[in-house]
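Colleague: The structure under discussion is supplied below as structure tokens; questions concerning it will follow.
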Amino acid sequence: MNWKITAAAVGAALLASTSLASAEGELQIYNWGNYTSPEMIKKFETENNVKVTITDYDSNDTALAKIRQGGHGFDMVVPSQNYIPIWIQEGLLLESRPDEMANFKNVKEDLKNPEFDPGRHYTVPWAMGTVGIVVNTDVYKGPINTWGIIFDTPAELKGKVNVVPEMTDVIDAAVLYNGGKKCTGDLEILKKVRDTLVKAKPDWVAMEYGTIQKMGSGDFAASSDWNGSAMRQRLANPAIHYAYPKEGFVMWSDNIAILKDAKNVDNAKLFLNFMMDPENAGMNSAFHRYANGIAGSEAFMPADMKGAMEIEVPEELKSIAVPSQTCAPEVQELYTKIWTELQK
Amino acid sequence: MARAFSIRRQPGFTTIAVACFAALYAPILILVFYSFNAGTSLANFEGFSLRWFEAAWNNEAVIEASIRSLQIASTAAVLATVAATMAALATTRTAPYRGLTFKYAFINQPLMVPEIVTAVALLIFFSRIKVFTGYSGLGYLIIAHTAFCIPFAYLPIRARLESMDLTLERAAADLYATPWKTFRRITMPLLWPGILAGLMLAFVISLDDVVITNFVKSGGQDTLPTYMLGQLRRAITPEMNAISTVFLLLSVAIVTLFFFASRKQS
Amino acid sequence: MAAVAQTAEARARKDVANRWLLSAPALIIILFAAIGPLFIVLVYSFLAPGPYGDVKWEFSWDGWTSVLFQRDIFDETLSFADAHLSIFWRSVKLSLATTVITLIVGFPTAYFIATRRERDRDIWLFLITIPFWTNLLIRTFAVLEIIRNEGIVNKLLIGIGLTDTPIQMLFTDFAIMIGMVYVYLPLMVLPLYASMEKLDFRLVEAGYDLYATRFNVLRRIIFPLVKPGVIAGSILVFIPSLGAYVTPSILGGGKNLMIGNLIELQFGQGRNWPLGAALSIALMVVVMITLLVYVRNAGAGGEQHHG
């Protein structure tokens, strides 16, 4: 009698597991953590009768590594613009031609033909923003608009500063702090960059991604961070301020694309088109608090985002903004080596 | 007359032991306590509420991950126990033969190799197979779990088998019962508590696994532990406490069952 | 006579063959999903890293040399990879500390349980196993909650007046150690208890009859008798803590890496699979050596217990 029960249990479990694996009407999205509006996803699910599953990643490198190894099971991914040429070149993205889709007309004019994806054959804008500094002004009252907060930490913040371990962001910041230009291959400057980073690390308390919660709970008093995340922190605690470092800061954009080996290509295409609708883009922005690249979406974004200093770069600072771009492979390698050394 | 001198007493031991128990339970109890927090903070208790349990219940990702965990655990536990039972029968109550120690070491390997090493190995191995066959379902997770659950199921079964008296089986043979019948009517029922113990052990071990699952899973295949790991690294809210509490209750229930079952027949 | 001997031998051979058949499923599954893949890791450690992760199928010593050596990025000087060595050393230190602390705390606890009345022991065992069955993440999370700046411990310390500002405990090596002690404590207590349960207290009584002090009895009689349990417990704590990855990841804040984290890094941001593979094999070798040393030390006595 034991065998019968055993056999039945095994059979039932196997049956159930296979049914989970081959469901119809599915979409597997691989995206940054905490970056997709659940409301918006529900809307897509109901409108198209598709079940959406979102899996998180923390960094561009993790996403690239995971997809590169194959057998991942995802349909869509949301890389940053400076990585997209790499994705395209490695043949990982499907040429889905968003520029031929119905809603393409809604994409903002100046984003219709970007350098990293000419003619928008692969990607659709998801969100854009800047990298800066976020500080809990209850703990530190001094000037916060400098990368010195993380590279030359003031006394009150020593041992309370976090640095989000996104390699490109951190190295770019260190390069700008040492007076260099983004993507510079100048060995002199890179040596200073390496030394700055290694010297600053002992003053950091952690290198983690979960800034929203940990700034809120007081585990961190300051951090390098992205602007939307900073805005969410300020809304929870008005003492937390975002600042654009005076040495220069990077403007980035994340863009969603379909993977070459996606299993649910039709649903993915539906989703791309869906994301180019102003109402949906606006709903998404309302969640993650970043600007998006779809014209007309402002009408659907919450009022507090209009004129917020995190969202709209102040006029006088626009000159020190640096657009994100892909660095030459040799430079990229140097950056990776510096980053690895930092990881001790 | 001198006071009773307890030969068992060692100074300070009881204090340390009691402190140890307290220290073991305090963090868990605090965690459970805060899962009923009405506020969002994890430090300030703002009143009693079930809202986080509700939130977890309505969280699709959590429910899906939990179901997936249970599926994998039940399948892997059953498979592991069957394999382990057969292996235990093969390696106990016998004169040493060639390859016995080898088998013993082989079966217990997952206990001796650090999990991260196995996880990395499976990542590399399975991703090649996934690309080659195009299949990326739950099968990989189930096989991986079965593999590391086998030693956990094996040990209690072997222990039980070793403590079983051969005379009953010999008696059956004397009465002209076939080996199969002896096995079915005498060995199995006697062995059953060990098998059950192995099954429960394997089930809990599979349910708990996070390292190997994290490396082997494909898109959308989060189990409850890997989901929690993602959340813990990023966004900790009392919802995590609520999920932990429920998970904890489930584990306690299983262990209690196991405890009473083993107590009954010992 | 010969015929009988022959059939006996044939029966014995058939018995062994049957036993191999019976153990086949377990062996095959483990070969496929546990041991076999380890050989692939070995192969990968001799390949070259691909530009964005994965490997290039060309032979290279780089994986192994980078375990111990590194080239300075700018002046190309070869030096010891102090990054890896310091991470390795930290892991060994923390694991040893964890083992020692769990032994110090676990020994009295196991002794306590073993000296309860027979019918009570089950309950105490039950109590000590419950935290063991609680998921590792839950236990690590519980420790995180307690030692963070706004957590209970700091609140208590400030309340008593021992300190004015919260002591930074989270995201330090100390946090990792506390976390590991908490997680692995039951693994030390259970084998210790198994040994102590078998302790013949008549020997202890004999010791007292010979006017030994309590401490001497502990040192000269009890401890040597339960040595198998001590060894088993130490192994069960040292090895997993050396390869720990979840607990250091959550409690270490990404800054304090242990070997497990370093290995994981190579398969993510580090983009150096061969190095990750080499580090994994190195870790496994260290663990195997430790096991061998311990088991040798345990000698015949150690064989009696099963882990």
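Here, A, B, ... name the chains of the structure tokens in the order displayed, residue numbers run from 1 inside each chain, and ligands are numbered from 1 in the same displayed order.
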DSSP on the backbone: what in segment 68-152 of chain C comes out strand (DSSP E), as a PyMOL selection string?

Modeller: chain C and resi 69-71+78-80

Colleague: Could you please take those selected residues and save C-alpha atoms as a short mmCIF file (atom, residue, chain, number, x, y, z; two decimals), in the first residue's frame?

Modeller:
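Below is the file selection.cif, written as the result:
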```cif
data_model
loop_
_atom_site.label_atom_id
_atom_site.label_comp_id
_atom_site.auth_asym_id
_atom_site.auth_seq_id
_atom_site.Cartn_x
_atom_site.Cartn_y
_atom_site.Cartn_z
CA PHE C 69 48.55 35.97 -7.78
CA GLN C 70 47.53 39.20 -9.42
CA ARG C 71 49.05 41.73 -11.71
CA LEU C 78 53.15 40.44 -10.12
CA SER C 79 52.20 40.10 -6.49
CA PHE C 80 50.20 37.94 -4.20
#
```

Colleague: Using only C-alpha atoms, determine which residues lie at most 12 Å from Val117 of chain B, disregarding the query and same-chain residues fewer than 6 positions distant; provide the list as an mmCIF file with all heavy atoms, in the first residue's frame.

Modeller:
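Writing the result to around-v4.cif gives the following:
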```cif
data_model
loop_
_atom_site.group_PDB
_atom_site.id
_atom_site.type_symbol
_atom_site.label_atom_id
_atom_site.label_comp_id
_atom_site.auth_asym_id
_atom_site.auth_seq_id
_atom_site.Cartn_x
_atom_site.Cartn_y
_atom_site.Cartn_z
ATOM 1 N N GLN B 109 28.217 12.309 -0.151
ATOM 2 C CA GLN B 109 28.987 13.426 -0.706
ATOM 3 C C GLN B 109 28.333 14.776 -0.530
ATOM 4 O O GLN B 109 28.975 15.737 -0.133
ATOM 5 C CB GLN B 109 29.292 13.135 -2.185
ATOM 6 C CG GLN B 109 29.961 14.288 -2.897
ATOM 7 C CD GLN B 109 28.955 15.235 -3.555
ATOM 8 O OE1 GLN B 109 27.753 15.039 -3.461
ATOM 9 N NE2 GLN B 109 29.457 16.277 -4.176
ATOM 10 N N PRO B 110 27.020 14.894 -0.842
ATOM 11 C CA PRO B 110 26.429 16.225 -0.710
ATOM 12 C C PRO B 110 26.583 16.818 0.685
ATOM 13 O O PRO B 110 26.537 18.036 0.837
ATOM 14 C CB PRO B 110 24.947 15.985 -1.038
ATOM 15 C CG PRO B 110 24.960 14.808 -1.936
ATOM 16 C CD PRO B 110 26.058 13.944 -1.432
ATOM 17 N N LEU B 111 26.776 15.985 1.688
ATOM 18 C CA LEU B 111 26.955 16.528 3.024
ATOM 19 C C LEU B 111 28.351 17.071 3.215
ATOM 20 O O LEU B 111 28.588 17.881 4.099
ATOM 21 C CB LEU B 111 26.723 15.433 4.075
ATOM 22 C CG LEU B 111 25.297 14.947 4.271
ATOM 23 C CD1 LEU B 111 25.277 13.848 5.301
ATOM 24 C CD2 LEU B 111 24.423 16.092 4.720
ATOM 25 N N LEU B 123 25.139 24.993 -11.861
ATOM 26 C CA LEU B 123 24.872 26.134 -12.727
ATOM 27 C C LEU B 123 25.511 25.909 -14.085
ATOM 28 O O LEU B 123 24.871 26.018 -15.131
ATOM 29 C CB LEU B 123 25.432 27.407 -12.090
ATOM 30 C CG LEU B 123 25.479 28.633 -13.011
ATOM 31 C CD1 LEU B 123 24.110 29.230 -13.121
ATOM 32 C CD2 LEU B 123 26.458 29.666 -12.510
ATOM 33 N N ILE B 124 26.808 25.585 -14.049
ATOM 34 C CA ILE B 124 27.544 25.396 -15.288
ATOM 35 C C ILE B 124 26.982 24.224 -16.081
ATOM 36 O O ILE B 124 26.670 24.336 -17.268
ATOM 37 C CB ILE B 124 29.034 25.139 -14.987
ATOM 38 C CG1 ILE B 124 29.642 26.350 -14.293
ATOM 39 C CG2 ILE B 124 29.793 24.827 -16.254
ATOM 40 C CD1 ILE B 124 31.090 26.181 -13.947
ATOM 41 N N VAL B 211 20.682 28.158 -1.523
ATOM 42 C CA VAL B 211 21.877 28.376 -2.338
ATOM 43 C C VAL B 211 21.790 27.677 -3.683
ATOM 44 O O VAL B 211 21.894 28.291 -4.741
ATOM 45 C CB VAL B 211 23.138 27.899 -1.587
ATOM 46 C CG1 VAL B 211 24.354 28.098 -2.442
ATOM 47 C CG2 VAL B 211 23.281 28.655 -0.290
ATOM 48 N N ILE B 212 21.581 26.350 -3.639
ATOM 49 C CA ILE B 212 21.557 25.599 -4.903
ATOM 50 C C ILE B 212 20.402 26.058 -5.781
ATOM 51 O O ILE B 212 20.566 26.253 -6.987
ATOM 52 C CB ILE B 212 21.474 24.092 -4.628
ATOM 53 C CG1 ILE B 212 22.767 23.656 -3.945
ATOM 54 C CG2 ILE B 212 21.233 23.314 -5.886
ATOM 55 C CD1 ILE B 212 22.904 22.165 -3.791
ATOM 56 N N PHE B 215 21.072 29.278 -7.735
ATOM 57 C CA PHE B 215 21.958 29.186 -8.878
ATOM 58 C C PHE B 215 21.333 28.420 -10.037
ATOM 59 O O PHE B 215 21.619 28.704 -11.192
ATOM 60 C CB PHE B 215 23.266 28.489 -8.474
ATOM 61 C CG PHE B 215 24.277 29.413 -7.883
ATOM 62 C CD1 PHE B 215 24.130 29.883 -6.588
ATOM 63 C CD2 PHE B 215 25.362 29.825 -8.610
ATOM 64 C CE1 PHE B 215 25.058 30.734 -6.035
ATOM 65 C CE2 PHE B 215 26.303 30.690 -8.058
ATOM 66 C CZ PHE B 215 26.153 31.142 -6.774
ATOM 67 N N ALA C 34 25.295 15.874 -8.609
ATOM 68 C CA ALA C 34 26.119 16.365 -7.521
ATOM 69 C C ALA C 34 27.598 16.177 -7.816
ATOM 70 O O ALA C 34 28.355 17.142 -7.842
ATOM 71 C CB ALA C 34 25.757 15.686 -6.203
ATOM 72 N N ILE C 35 28.018 14.941 -8.062
ATOM 73 C CA ILE C 35 29.452 14.701 -8.215
ATOM 74 C C ILE C 35 29.926 14.957 -9.635
ATOM 75 O O ILE C 35 30.958 15.592 -9.852
ATOM 76 C CB ILE C 35 29.794 13.259 -7.791
ATOM 77 C CG1 ILE C 35 29.431 13.074 -6.338
ATOM 78 C CG2 ILE C 35 31.255 12.986 -8.028
ATOM 79 C CD1 ILE C 35 30.009 11.859 -5.714
ATOM 80 N N PRO C 37 28.923 17.005 -12.041
ATOM 81 C CA PRO C 37 29.158 18.405 -12.379
ATOM 82 C C PRO C 37 30.450 18.950 -11.781
ATOM 83 O O PRO C 37 31.014 19.903 -12.317
ATOM 84 C CB PRO C 37 27.943 19.117 -11.782
ATOM 85 C CG PRO C 37 26.880 18.097 -11.783
ATOM 86 C CD PRO C 37 27.560 16.799 -11.540
ATOM 87 N N LEU C 38 30.938 18.344 -10.678
ATOM 88 C CA LEU C 38 32.168 18.860 -10.083
ATOM 89 C C LEU C 38 33.334 18.731 -11.056
ATOM 90 O O LEU C 38 34.236 19.570 -11.090
ATOM 91 C CB LEU C 38 32.486 18.104 -8.792
ATOM 92 C CG LEU C 38 31.572 18.424 -7.615
ATOM 93 C CD1 LEU C 38 31.936 17.567 -6.418
ATOM 94 C CD2 LEU C 38 31.666 19.888 -7.249
ATOM 95 N N PHE C 39 33.298 17.661 -11.881
ATOM 96 C CA PHE C 39 34.374 17.509 -12.861
ATOM 97 C C PHE C 39 34.333 18.604 -13.906
ATOM 98 O O PHE C 39 35.360 19.053 -14.396
ATOM 99 C CB PHE C 39 34.286 16.125 -13.521
ATOM 100 C CG PHE C 39 34.691 15.031 -12.588
ATOM 101 C CD1 PHE C 39 33.745 14.165 -12.063
ATOM 102 C CD2 PHE C 39 36.013 14.884 -12.208
ATOM 103 C CE1 PHE C 39 34.116 13.169 -11.182
ATOM 104 C CE2 PHE C 39 36.386 13.894 -11.326
ATOM 105 C CZ PHE C 39 35.439 13.031 -10.806
ATOM 106 N N ILE C 40 33.112 19.026 -14.214
ATOM 107 C CA ILE C 40 32.985 20.108 -15.181
ATOM 108 C C ILE C 40 33.580 21.385 -14.607
ATOM 109 O O ILE C 40 34.193 22.183 -15.317
ATOM 110 C CB ILE C 40 31.506 20.315 -15.540
ATOM 111 C CG1 ILE C 40 30.946 19.016 -16.045
ATOM 112 C CG2 ILE C 40 31.365 21.425 -16.555
ATOM 113 C CD1 ILE C 40 29.706 19.148 -16.832
ATOM 114 N N VAL C 41 33.385 21.569 -13.317
ATOM 115 C CA VAL C 41 33.965 22.757 -12.681
ATOM 116 C C VAL C 41 35.474 22.714 -12.836
ATOM 117 O O VAL C 41 36.110 23.726 -13.156
ATOM 118 C CB VAL C 41 33.598 22.813 -11.193
ATOM 119 C CG1 VAL C 41 34.240 24.016 -10.544
ATOM 120 C CG2 VAL C 41 32.110 22.886 -11.018
ATOM 121 N N LEU C 42 36.038 21.522 -12.633
ATOM 122 C CA LEU C 42 37.488 21.390 -12.766
ATOM 123 C C LEU C 42 37.928 21.782 -14.169
ATOM 124 O O LEU C 42 38.889 22.522 -14.358
ATOM 125 C CB LEU C 42 37.883 19.943 -12.462
ATOM 126 C CG LEU C 42 39.385 19.691 -12.338
ATOM 127 C CD1 LEU C 42 39.954 20.532 -11.216
ATOM 128 C CD2 LEU C 42 39.644 18.212 -12.083
ATOM 129 N N PRO C 240 30.326 23.885 6.894
ATOM 130 C CA PRO C 240 29.327 24.766 6.282
ATOM 131 C C PRO C 240 29.649 26.238 6.479
ATOM 132 O O PRO C 240 29.405 27.046 5.587
ATOM 133 C CB PRO C 240 28.023 24.414 7.014
ATOM 134 C CG PRO C 240 28.257 23.114 7.642
ATOM 135 C CD PRO C 240 29.705 23.015 7.927
ATOM 136 N N LEU C 242 32.512 27.631 6.600
ATOM 137 C CA LEU C 242 33.583 28.059 5.701
ATOM 138 C C LEU C 242 33.019 28.411 4.328
ATOM 139 O O LEU C 242 33.439 29.363 3.691
ATOM 140 C CB LEU C 242 34.623 26.935 5.567
ATOM 141 C CG LEU C 242 35.943 27.321 4.915
ATOM 142 C CD1 LEU C 242 36.607 28.418 5.716
ATOM 143 C CD2 LEU C 242 36.858 26.119 4.819
ATOM 144 N N GLY C 243 32.053 27.609 3.880
ATOM 145 C CA GLY C 243 31.487 27.865 2.565
ATOM 146 C C GLY C 243 30.229 28.709 2.622
ATOM 147 O O GLY C 243 29.499 28.789 1.639
ATOM 148 N N ALA C 244 29.967 29.324 3.755
ATOM 149 C CA ALA C 244 28.722 30.087 3.917
ATOM 150 C C ALA C 244 28.650 31.216 2.909
ATOM 151 O O ALA C 244 29.658 31.816 2.551
ATOM 152 C CB ALA C 244 28.613 30.638 5.330
ATOM 153 N N TYR C 245 27.429 31.517 2.492
ATOM 154 C CA TYR C 245 27.295 32.540 1.473
ATOM 155 C C TYR C 245 26.068 33.405 1.734
ATOM 156 O O TYR C 245 26.128 34.625 1.602
ATOM 157 C CB TYR C 245 27.293 31.828 0.112
ATOM 158 C CG TYR C 245 26.299 32.263 -0.909
ATOM 159 C CD1 TYR C 245 26.544 33.353 -1.711
ATOM 160 C CD2 TYR C 245 25.133 31.543 -1.118
ATOM 161 C CE1 TYR C 245 25.654 33.730 -2.687
ATOM 162 C CE2 TYR C 245 24.241 31.923 -2.096
ATOM 163 C CZ TYR C 245 24.506 33.010 -2.885
ATOM 164 O OH TYR C 245 23.620 33.370 -3.846
ATOM 165 N N ILE C 259 34.580 33.508 1.343
ATOM 166 C CA ILE C 259 34.892 32.766 0.117
ATOM 167 C C ILE C 259 33.652 32.533 -0.730
ATOM 168 O O ILE C 259 33.666 32.695 -1.954
ATOM 169 C CB ILE C 259 35.518 31.414 0.441
ATOM 170 C CG1 ILE C 259 36.816 31.614 1.170
ATOM 171 C CG2 ILE C 259 35.773 30.638 -0.826
ATOM 172 C CD1 ILE C 259 37.541 30.323 1.399
ATOM 173 N N GLY C 260 32.556 32.141 -0.054
ATOM 174 C CA GLY C 260 31.331 31.863 -0.794
ATOM 175 C C GLY C 260 30.885 33.067 -1.605
ATOM 176 O O GLY C 260 30.493 32.948 -2.767
ATOM 177 N N ASN C 261 30.967 34.261 -1.007
ATOM 178 C CA ASN C 261 30.564 35.467 -1.726
ATOM 179 C C ASN C 261 31.516 35.757 -2.876
ATOM 180 O O ASN C 261 31.106 36.190 -3.952
ATOM 181 C CB ASN C 261 30.548 36.682 -0.789
ATOM 182 C CG ASN C 261 29.715 36.430 0.438
ATOM 183 O OD1 ASN C 261 30.229 36.343 1.538
ATOM 184 N ND2 ASN C 261 28.414 36.285 0.235
ATOM 185 N N LEU C 262 32.820 35.540 -2.623
ATOM 186 C CA LEU C 262 33.802 35.792 -3.670
ATOM 187 C C LEU C 262 33.530 34.894 -4.876
ATOM 188 O O LEU C 262 33.600 35.335 -6.025
ATOM 189 C CB LEU C 262 35.215 35.535 -3.133
ATOM 190 C CG LEU C 262 36.353 35.804 -4.109
ATOM 191 C CD1 LEU C 262 36.365 37.264 -4.506
ATOM 192 C CD2 LEU C 262 37.690 35.416 -3.501
ATOM 193 N N ILE C 263 33.200 33.643 -4.592
ATOM 194 C CA ILE C 263 32.893 32.716 -5.683
ATOM 195 C C ILE C 263 31.662 33.183 -6.447
ATOM 196 O O ILE C 263 31.651 33.234 -7.674
ATOM 197 C CB ILE C 263 32.680 31.289 -5.147
ATOM 198 C CG1 ILE C 263 33.982 30.763 -4.556
ATOM 199 C CG2 ILE C 263 32.174 30.367 -6.226
ATOM 200 C CD1 ILE C 263 33.863 29.391 -3.964
ATOM 201 N N GLU C 264 30.607 33.556 -5.690
ATOM 202 C CA GLU C 264 29.378 33.997 -6.346
ATOM 203 C C GLU C 264 29.652 35.210 -7.225
ATOM 204 O O GLU C 264 29.117 35.342 -8.328
ATOM 205 C CB GLU C 264 28.339 34.359 -5.291
ATOM 206 C CG GLU C 264 26.968 34.617 -5.878
ATOM 207 C CD GLU C 264 26.183 35.640 -5.086
ATOM 208 O OE1 GLU C 264 26.716 36.171 -4.115
ATOM 209 O OE2 GLU C 264 25.027 35.889 -5.458
ATOM 210 N N GLY C 276 36.128 31.643 -10.640
ATOM 211 C CA GLY C 276 35.119 31.120 -9.731
ATOM 212 C C GLY C 276 35.231 29.611 -9.598
ATOM 213 O O GLY C 276 35.135 29.052 -8.505
ATOM 214 N N ALA C 277 35.467 28.943 -10.745
ATOM 215 C CA ALA C 277 35.608 27.493 -10.714
ATOM 216 C C ALA C 277 36.830 27.090 -9.903
ATOM 217 O O ALA C 277 36.769 26.178 -9.071
ATOM 218 C CB ALA C 277 35.700 26.946 -12.139
ATOM 219 N N ALA C 278 37.951 27.778 -10.161
ATOM 220 C CA ALA C 278 39.185 27.442 -9.433
ATOM 221 C C ALA C 278 38.996 27.651 -7.933
ATOM 222 O O ALA C 278 39.418 26.826 -7.117
ATOM 223 C CB ALA C 278 40.343 28.293 -9.955
ATOM 224 N N LEU C 279 38.382 28.766 -7.560
ATOM 225 C CA LEU C 279 38.150 29.026 -6.140
ATOM 226 C C LEU C 279 37.271 27.941 -5.522
ATOM 227 O O LEU C 279 37.500 27.516 -4.392
ATOM 228 C CB LEU C 279 37.489 30.390 -5.956
ATOM 229 C CG LEU C 279 38.391 31.600 -6.164
ATOM 230 C CD1 LEU C 279 37.560 32.868 -6.218
ATOM 231 C CD2 LEU C 279 39.409 31.705 -5.041
ATOM 232 N N SER C 280 36.259 27.489 -6.270
ATOM 233 C CA SER C 280 35.378 26.450 -5.742
ATOM 234 C C SER C 280 36.157 25.174 -5.473
ATOM 235 O O SER C 280 36.004 24.554 -4.424
ATOM 236 C CB SER C 280 34.256 26.133 -6.736
ATOM 237 O OG SER C 280 33.512 27.274 -7.025
ATOM 238 N N ILE C 281 36.983 24.774 -6.455
ATOM 239 C CA ILE C 281 37.761 23.558 -6.271
ATOM 240 C C ILE C 281 38.710 23.729 -5.075
ATOM 241 O O ILE C 281 38.860 22.825 -4.250
ATOM 242 C CB ILE C 281 38.573 23.222 -7.539
ATOM 243 C CG1 ILE C 281 37.646 23.090 -8.739
ATOM 244 C CG2 ILE C 281 39.402 21.982 -7.318
ATOM 245 C CD1 ILE C 281 37.036 21.743 -8.911
ATOM 246 N N ALA C 282 39.337 24.912 -4.993
ATOM 247 C CA ALA C 282 40.253 25.162 -3.877
ATOM 248 C C ALA C 282 39.526 25.006 -2.554
ATOM 249 O O ALA C 282 40.016 24.367 -1.612
ATOM 250 C CB ALA C 282 40.858 26.562 -4.004
ATOM 251 N N LEU C 283 38.348 25.588 -2.466
ATOM 252 C CA LEU C 283 37.554 25.486 -1.237
ATOM 253 C C LEU C 283 37.265 24.032 -0.912
ATOM 254 O O LEU C 283 37.411 23.586 0.227
ATOM 255 C CB LEU C 283 36.239 26.263 -1.408
ATOM 256 C CG LEU C 283 35.251 26.150 -0.254
ATOM 257 C CD1 LEU C 283 35.830 26.723 1.005
ATOM 258 C CD2 LEU C 283 33.949 26.858 -0.591
ATOM 259 N N MET C 284 36.870 23.286 -1.930
ATOM 260 C CA MET C 284 36.524 21.891 -1.707
ATOM 261 C C MET C 284 37.732 21.105 -1.221
ATOM 262 O O MET C 284 37.618 20.272 -0.313
ATOM 263 C CB MET C 284 35.999 21.286 -3.004
ATOM 264 C CG MET C 284 35.114 20.101 -2.781
ATOM 265 S SD MET C 284 34.387 19.528 -4.282
ATOM 266 C CE MET C 284 35.793 18.801 -5.055
ATOM 267 N N VAL C 285 38.894 21.396 -1.805
ATOM 268 C CA VAL C 285 40.110 20.689 -1.383
ATOM 269 C C VAL C 285 40.407 20.974 0.081
ATOM 270 O O VAL C 285 40.719 20.073 0.863
ATOM 271 C CB VAL C 285 41.296 21.103 -2.280
ATOM 272 C CG1 VAL C 285 42.593 20.649 -1.671
ATOM 273 C CG2 VAL C 285 41.135 20.508 -3.663
ATOM 274 N N VAL C 287 38.332 21.807 2.378
ATOM 275 C CA VAL C 287 37.342 21.113 3.199
ATOM 276 C C VAL C 287 37.678 19.642 3.326
ATOM 277 O O VAL C 287 37.634 19.065 4.420
ATOM 278 C CB VAL C 287 35.944 21.297 2.584
ATOM 279 C CG1 VAL C 287 34.976 20.296 3.156
ATOM 280 C CG2 VAL C 287 35.441 22.701 2.846
#
```

Colleague: Once you count only C-alpha atoms, which residues of chain C turn out to be within 6 Å of chain B? Could you give them as an NGL selection string?

Modeller: :C and (19 or 22-23 or 25-26 or 29-30 or 33 or 37-38 or 41 or 108-109 or 134-135 or 138 or 142 or 150-151 or 243 or 280)

Colleague: Would you mind exporting N, CA and C atoms of the selected residues as a CSV table (one decimal), in the first residue's frame?

Modeller:
```
chain,number,residue,atom,x,y,z
C,19,ARG,N,22.8,-5.9,-4.7
C,19,ARG,CA,23.0,-4.7,-3.9
C,19,ARG,C,23.5,-3.5,-4.8
C,22,LEU,N,20.4,-2.3,-6.5
C,22,LEU,CA,19.5,-1.6,-5.5
C,22,LEU,C,20.0,-0.1,-5.3
C,23,SER,N,21.3,0.0,-5.2
C,23,SER,CA,21.8,1.3,-4.9
C,23,SER,C,22.0,2.1,-6.2
C,25,PRO,N,19.9,3.6,-8.4
C,25,PRO,CA,19.2,4.9,-8.6
C,25,PRO,C,19.9,6.0,-7.8
C,26,ALA,N,20.2,5.8,-6.5
C,26,ALA,CA,20.8,6.8,-5.6
C,26,ALA,C,22.1,7.2,-6.3
C,29,ILE,N,21.6,9.3,-9.5
C,29,ILE,CA,21.1,10.6,-9.3
C,29,ILE,C,22.2,11.5,-8.8
C,30,ILE,N,23.0,11.0,-7.8
C,30,ILE,CA,24.0,11.8,-7.2
C,30,ILE,C,25.2,12.0,-8.2
C,33,ALA,N,23.7,14.8,-10.6
C,33,ALA,CA,23.4,16.1,-10.1
C,33,ALA,C,24.2,16.6,-8.9
C,37,PRO,N,28.9,17.0,-12.0
C,37,PRO,CA,29.2,18.4,-12.4
C,37,PRO,C,30.4,19.0,-11.8
C,38,LEU,N,30.9,18.3,-10.7
C,38,LEU,CA,32.2,18.9,-10.1
C,38,LEU,C,33.3,18.7,-11.1
C,41,VAL,N,33.4,21.6,-13.3
C,41,VAL,CA,34.0,22.8,-12.7
C,41,VAL,C,35.5,22.7,-12.8
C,108,PRO,N,27.8,23.0,27.3
C,108,PRO,CA,27.0,23.0,28.5
C,108,PRO,C,25.5,22.7,28.1
C,109,THR,N,25.1,23.2,27.0
C,109,THR,CA,23.7,22.9,26.6
C,109,THR,C,23.4,21.5,26.4
C,134,THR,N,14.0,25.7,11.3
C,134,THR,CA,13.6,27.0,10.7
C,134,THR,C,14.6,27.4,9.6
C,135,ASN,N,14.0,27.9,8.6
C,135,ASN,CA,14.8,28.3,7.4
C,135,ASN,C,15.9,29.2,7.7
C,138,ILE,N,15.3,32.8,7.5
C,138,ILE,CA,14.5,33.4,8.6
C,138,ILE,C,15.4,33.6,9.8
C,142,ALA,N,16.3,37.2,11.4
C,142,ALA,CA,16.0,37.4,12.8
C,142,ALA,C,17.2,38.1,13.4
C,150,GLU,N,18.7,50.2,14.9
C,150,GLU,CA,17.4,50.5,15.6
C,150,GLU,C,16.9,49.3,16.2
C,151,GLY,N,17.7,48.2,16.3
C,151,GLY,CA,17.2,47.0,16.8
C,151,GLY,C,17.2,46.9,18.3
C,243,GLY,N,32.1,27.6,3.9
C,243,GLY,CA,31.5,27.9,2.6
C,243,GLY,C,30.2,28.7,2.6
C,280,SER,N,36.3,27.5,-6.3
C,280,SER,CA,35.4,26.5,-5.7
C,280,SER,C,36.2,25.2,-5.5
```

Colleague: Residues at most 12 Å from Arg121 of chain C, counting only C-alpha atoms, excluding those fewer than 3 positions away in the same chain, as a ChimeraX atom specification?

Modeller: /B:263 /C:109-118,124-128,193-194,197

Colleague: Taking only C-alpha atoms into account and nothing else, which residues of chain A lie no more than 8 Å away from chain C? Please answer as an NGL selection string.

Modeller: :A and (59 or 61-62 or 64-66 or 68-69 or 187 or 191 or 205-208 or 217-219 or 334 or 336-338 or 340-341 or 343-344)

Colleague: Mind pulling up the distance from atom CA of Ser60 of chain C to atom CA of Pro85 of chain A?

Modeller: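 Rounded to one decimal, the two atoms are 28.3 Å apart.
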